[in-house]
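One structure is given below, encoded as structure tokens.
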Amino acid sequence: MSERHFKRIVLKLSGEALAGDQGFGINPVVVEGIANEIAEIARTTDLQIAIVVGGGNIWRGLAGSAKGMDRASADYMGMIATVMNALALQDALENAGAATRVQTAIAMQEVAEPYIRRKAIRHLEKGRIVIFGGGTGNPYFSTDTTAALRAAEIEADAILMAKKFADGVYDSDPRTNPDAKKFDELTYMDVISRELKVMDSTSTTLCKDNNIPIVVFSMDIPGNITRAAKGEAIGTIVRG
Ligand code: UDP
């Protein structure tokens, strides 16, 4: 068994990933491209795929609260934004022939199932792609935290963090520092103590406490989601 042999993964897609170059909203062509790749993985492997999708392409709670909104209300708007993305992704995945379920952390029974851990696992075992919308359902958290939490709950083997504009974790920003060094492997403690930008610290701590590897890789290169899912050594892996 290879060092990175995953049976069940949580793929974290930021909202930005669905926006394409316009940087805002949902670009159906971009979503279709991502969905085709994920559906192909589901069709050709035994991998169980759960997806946590962000909402930053539509709304971020912090941006609202910076303009004077109540933080919790602004965060609930962000969580609802993630549900819009989840439905867009579900639609594209189903068009690509994949069986899917959306489960939301905030009940919206007309549009999706509520999050039920055992049911989510059952769907995965049946080969359905499960998309978790609505974040954790709690303000002051992020969809990175959601990925860590759901990965722990469903006992995923890894979180695959698909990034735009970064092919791994660097010691400084490669966009401003040409000498920035990319890491192939890091420990959770490296990430926390050096304040490296992998995911927020709450999420990293949750991964550390539950020993969930995080693979950070670029989704700008076509085929990279597949490579990461199949356990190829791309990007940066964070583990104990
Ligand atoms: N959010 C939240 N609780 C959660 C997950 C998300 O309050 O458990 C809100 C928060 O306001 C956040 C927004 O939803 O800014 C969108 O999520 P996030 O910023 O993580 O999306 P991404 O950056 O991945 O697109």
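Note on naming: chains are A, B, ... as they come in the structure tokens, residues start from 1 per chain, ligands start from 1 in the order shown.
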- Task: Taking only C-alpha atoms and all ligand atoms into account, report as an MDAnalysis selection string which residues have an atom no farther than 9 Å from an atom of ligand 1.
- Result: chainID A and resid 12:18 52:64 71:82 105 133:146
If we count only C-alpha atoms and set the cut-off at 12 Å, which residues sit around A:Gly223, ignoring sequence neighbours fewer than 3 positions away in its own chain? Please answer as a PDB file with N, CA and C atoms, in the first residue's frame.
```
ATOM      1  N   GLY A  33     -16.175  21.956 -15.442  1.00  0.00           N
ATOM      2  CA  GLY A  33     -14.837  21.365 -15.553  1.00  0.00           C
ATOM      3  C   GLY A  33     -14.448  20.612 -14.283  1.00  0.00           C
ATOM      4  N   ILE A  34     -14.689  21.241 -13.145  1.00  0.00           N
ATOM      5  CA  ILE A  34     -14.350  20.605 -11.861  1.00  0.00           C
ATOM      6  C   ILE A  34     -15.205  19.351 -11.677  1.00  0.00           C
ATOM      7  N   ALA A  35     -16.494  19.494 -11.969  1.00  0.00           N
ATOM      8  CA  ALA A  35     -17.426  18.379 -11.763  1.00  0.00           C
ATOM      9  C   ALA A  35     -17.058  17.187 -12.652  1.00  0.00           C
ATOM     10  N   ASN A  36     -16.685  17.471 -13.893  1.00  0.00           N
ATOM     11  CA  ASN A  36     -16.307  16.371 -14.791  1.00  0.00           C
ATOM     12  C   ASN A  36     -15.128  15.593 -14.225  1.00  0.00           C
ATOM     13  N   GLU A  37     -14.166  16.322 -13.694  1.00  0.00           N
ATOM     14  CA  GLU A  37     -12.985  15.637 -13.144  1.00  0.00           C
ATOM     15  C   GLU A  37     -13.363  14.784 -11.915  1.00  0.00           C
ATOM     16  N   ILE A  38     -14.175  15.358 -11.045  1.00  0.00           N
ATOM     17  CA  ILE A  38     -14.555  14.610  -9.833  1.00  0.00           C
ATOM     18  C   ILE A  38     -15.426  13.401 -10.196  1.00  0.00           C
ATOM     19  N   GLU A  40     -15.356  11.715 -12.880  1.00  0.00           N
ATOM     20  CA  GLU A  40     -14.472  10.713 -13.489  1.00  0.00           C
ATOM     21  C   GLU A  40     -13.725   9.921 -12.392  1.00  0.00           C
ATOM     22  N   ILE A  41     -13.299  10.600 -11.355  1.00  0.00           N
ATOM     23  CA  ILE A  41     -12.637   9.904 -10.237  1.00  0.00           C
ATOM     24  C   ILE A  41     -13.624   8.914  -9.612  1.00  0.00           C
ATOM     25  N   ALA A 162      -7.844  21.986  -2.316  1.00  0.00           N
ATOM     26  CA  ALA A 162      -7.584  22.457  -3.676  1.00  0.00           C
ATOM     27  C   ALA A 162      -7.472  23.981  -3.651  1.00  0.00           C
ATOM     28  N   PHE A 217      -2.740  21.527  -2.612  1.00  0.00           N
ATOM     29  CA  PHE A 217      -2.271  21.438  -3.997  1.00  0.00           C
ATOM     30  C   PHE A 217      -3.012  22.440  -4.873  1.00  0.00           C
ATOM     31  N   SER A 218      -2.462  22.649  -6.064  1.00  0.00           N
ATOM     32  CA  SER A 218      -3.063  23.617  -6.987  1.00  0.00           C
ATOM     33  C   SER A 218      -4.128  22.955  -7.840  1.00  0.00           C
ATOM     34  N   MET A 219      -5.275  23.614  -7.909  1.00  0.00           N
ATOM     35  CA  MET A 219      -6.294  23.091  -8.831  1.00  0.00           C
ATOM     36  C   MET A 219      -6.266  23.854 -10.156  1.00  0.00           C
ATOM     37  N   ASP A 220      -5.260  24.708 -10.321  1.00  0.00           N
ATOM     38  CA  ASP A 220      -5.132  25.427 -11.594  1.00  0.00           C
ATOM     39  C   ASP A 220      -4.620  24.507 -12.695  1.00  0.00           C
ATOM     40  N   THR A 226      -7.425  14.752  -9.481  1.00  0.00           N
ATOM     41  CA  THR A 226      -7.281  13.302  -9.658  1.00  0.00           C
ATOM     42  C   THR A 226      -5.949  12.821  -9.071  1.00  0.00           C
ATOM     43  N   ARG A 227      -4.883  13.571  -9.380  1.00  0.00           N
ATOM     44  CA  ARG A 227      -3.561  13.169  -8.863  1.00  0.00           C
ATOM     45  C   ARG A 227      -3.557  13.146  -7.335  1.00  0.00           C
ATOM     46  N   ALA A 228      -4.113  14.195  -6.751  1.00  0.00           N
ATOM     47  CA  ALA A 228      -4.144  14.270  -5.283  1.00  0.00           C
ATOM     48  C   ALA A 228      -4.993  13.131  -4.719  1.00  0.00           C
ATOM     49  N   ALA A 229      -6.133  12.883  -5.353  1.00  0.00           N
ATOM     50  CA  ALA A 229      -7.046  11.843  -4.852  1.00  0.00           C
ATOM     51  C   ALA A 229      -6.410  10.460  -4.949  1.00  0.00           C
ATOM     52  N   LYS A 230      -5.607  10.259  -5.990  1.00  0.00           N
ATOM     53  CA  LYS A 230      -4.971   8.946  -6.160  1.00  0.00           C
ATOM     54  C   LYS A 230      -3.710   8.802  -5.319  1.00  0.00           C
ATOM     55  N   GLU A 232      -0.907  10.680  -5.424  1.00  0.00           N
ATOM     56  CA  GLU A 232       0.389  11.102  -5.972  1.00  0.00           C
ATOM     57  C   GLU A 232       0.983  12.199  -5.086  1.00  0.00           C
ATOM     58  N   ILE A 234       1.897  15.209  -4.832  1.00  0.00           N
ATOM     59  CA  ILE A 234       1.905  16.583  -5.361  1.00  0.00           C
ATOM     60  C   ILE A 234       1.653  17.553  -4.208  1.00  0.00           C
TER      61      ILE A 234
END
```
- DSSP on the backbone, then: every residue of stretch 77-160 of chain A marked alpha helix (DSSP H), written as a PyMOL selection string. chain A and resi 77-95+117-125+143-153
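All residues of protein, DNA or RNA that reach within 12 Å of A:Arg118, judged by only C-alpha atoms and not counting those fewer than 6 positions away in the chain, are A:Gln103, A:Leu124, A:Glu125, A:Arg150, A:Glu153, A:Ile154, A:Glu155.
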- Neighbours of A:Pro213 within 10 Å (only C-alpha atoms; same-chain residues fewer than 5 positions away dropped), as a VMD selection string? chain A and resid 4 148 151 156 to 160 187 to 188 204 207 to 208 237 to 240
Output C-alpha atoms for every residue in the selection just made, as a compact mmCIF listing (two decimals), in the first residue's frame.
```
# COMPACT_ATOMS: atom_id res chain seq x y z
CA ARG A 4 -0.78 7.98 0.43
CA ALA A 148 -11.58 19.32 9.39
CA ALA A 151 -13.24 14.65 7.96
CA ALA A 156 -11.72 10.41 6.20
CA ASP A 157 -8.13 9.45 5.39
CA ALA A 158 -7.19 12.95 4.27
CA ILE A 159 -8.37 16.43 3.44
CA LEU A 160 -7.46 17.54 -0.06
CA THR A 187 4.09 18.78 10.50
CA TYR A 188 0.99 20.34 12.06
CA THR A 204 -5.19 22.90 11.70
CA CYS A 207 -6.62 18.04 12.07
CA LYS A 208 -3.66 17.67 14.42
CA ILE A 237 1.35 17.25 2.75
CA VAL A 238 0.81 18.24 6.37
CA ARG A 239 0.75 15.47 8.96
CA GLY A 240 1.98 14.48 12.38
```
- Near stretch 193-199 of chain A, within 8 Å and counting only C-alpha atoms, which residues show up once chain neighbours fewer than 3 positions away are dropped, as a PyMOL selection string? chain A and resi 144+169-171+189-190+203-204+216
Grab the residues selected above and save them as a tab-separated table (two decimals), in the first residue's frame with N, CA and C atoms.
```tsv
chain	number	residue	atom	x	y	z
A	144	ASP	N	-13.02	25.82	6.14
A	144	ASP	CA	-11.84	24.99	6.44
A	144	ASP	C	-12.10	24.18	7.73
A	169	VAL	N	2.47	24.71	0.01
A	169	VAL	CA	2.72	25.67	1.09
A	169	VAL	C	4.16	26.17	0.97
A	170	TYR	N	4.31	27.47	1.07
A	170	TYR	CA	5.63	28.11	0.94
A	170	TYR	C	6.02	28.78	2.26
A	171	ASP	N	7.33	29.05	2.40
A	171	ASP	CA	7.78	29.74	3.61
A	171	ASP	C	7.49	31.24	3.56
A	189	MET	N	2.61	21.02	13.73
A	189	MET	CA	3.26	22.01	14.61
A	189	MET	C	4.02	23.05	13.81
A	190	ASP	N	4.67	22.61	12.67
A	190	ASP	CA	5.34	23.59	11.79
A	190	ASP	C	4.33	24.64	11.34
A	203	SER	N	-8.75	25.05	12.38
A	203	SER	CA	-8.86	23.86	11.52
A	203	SER	C	-7.60	23.00	11.62
A	204	THR	N	-6.44	23.66	11.61
A	204	THR	CA	-5.19	22.90	11.70
A	204	THR	C	-5.14	22.12	13.01
A	216	VAL	N	-2.21	19.97	0.37
A	216	VAL	CA	-2.47	21.29	-0.22
A	216	VAL	C	-1.90	21.28	-1.64
```
- Note on the structure: Of A:Ala42, A:Ile49, A:Val111, A:Ile131, the one nearest to A:Ala86 when counting only C-alpha atoms is A:Ile131
- Message: With DSSP run on the backbone, what are the strand (DSSP E or B) residues within stretch 10-195 of chain A? I'd like them as a count of residues only.
- Response: 35
- Query: What separation in Å, quoted to one decimal, exists between atom CA of A:Glu32 and atom CA of A:Phe165?
  - Reply: 19.5 Å
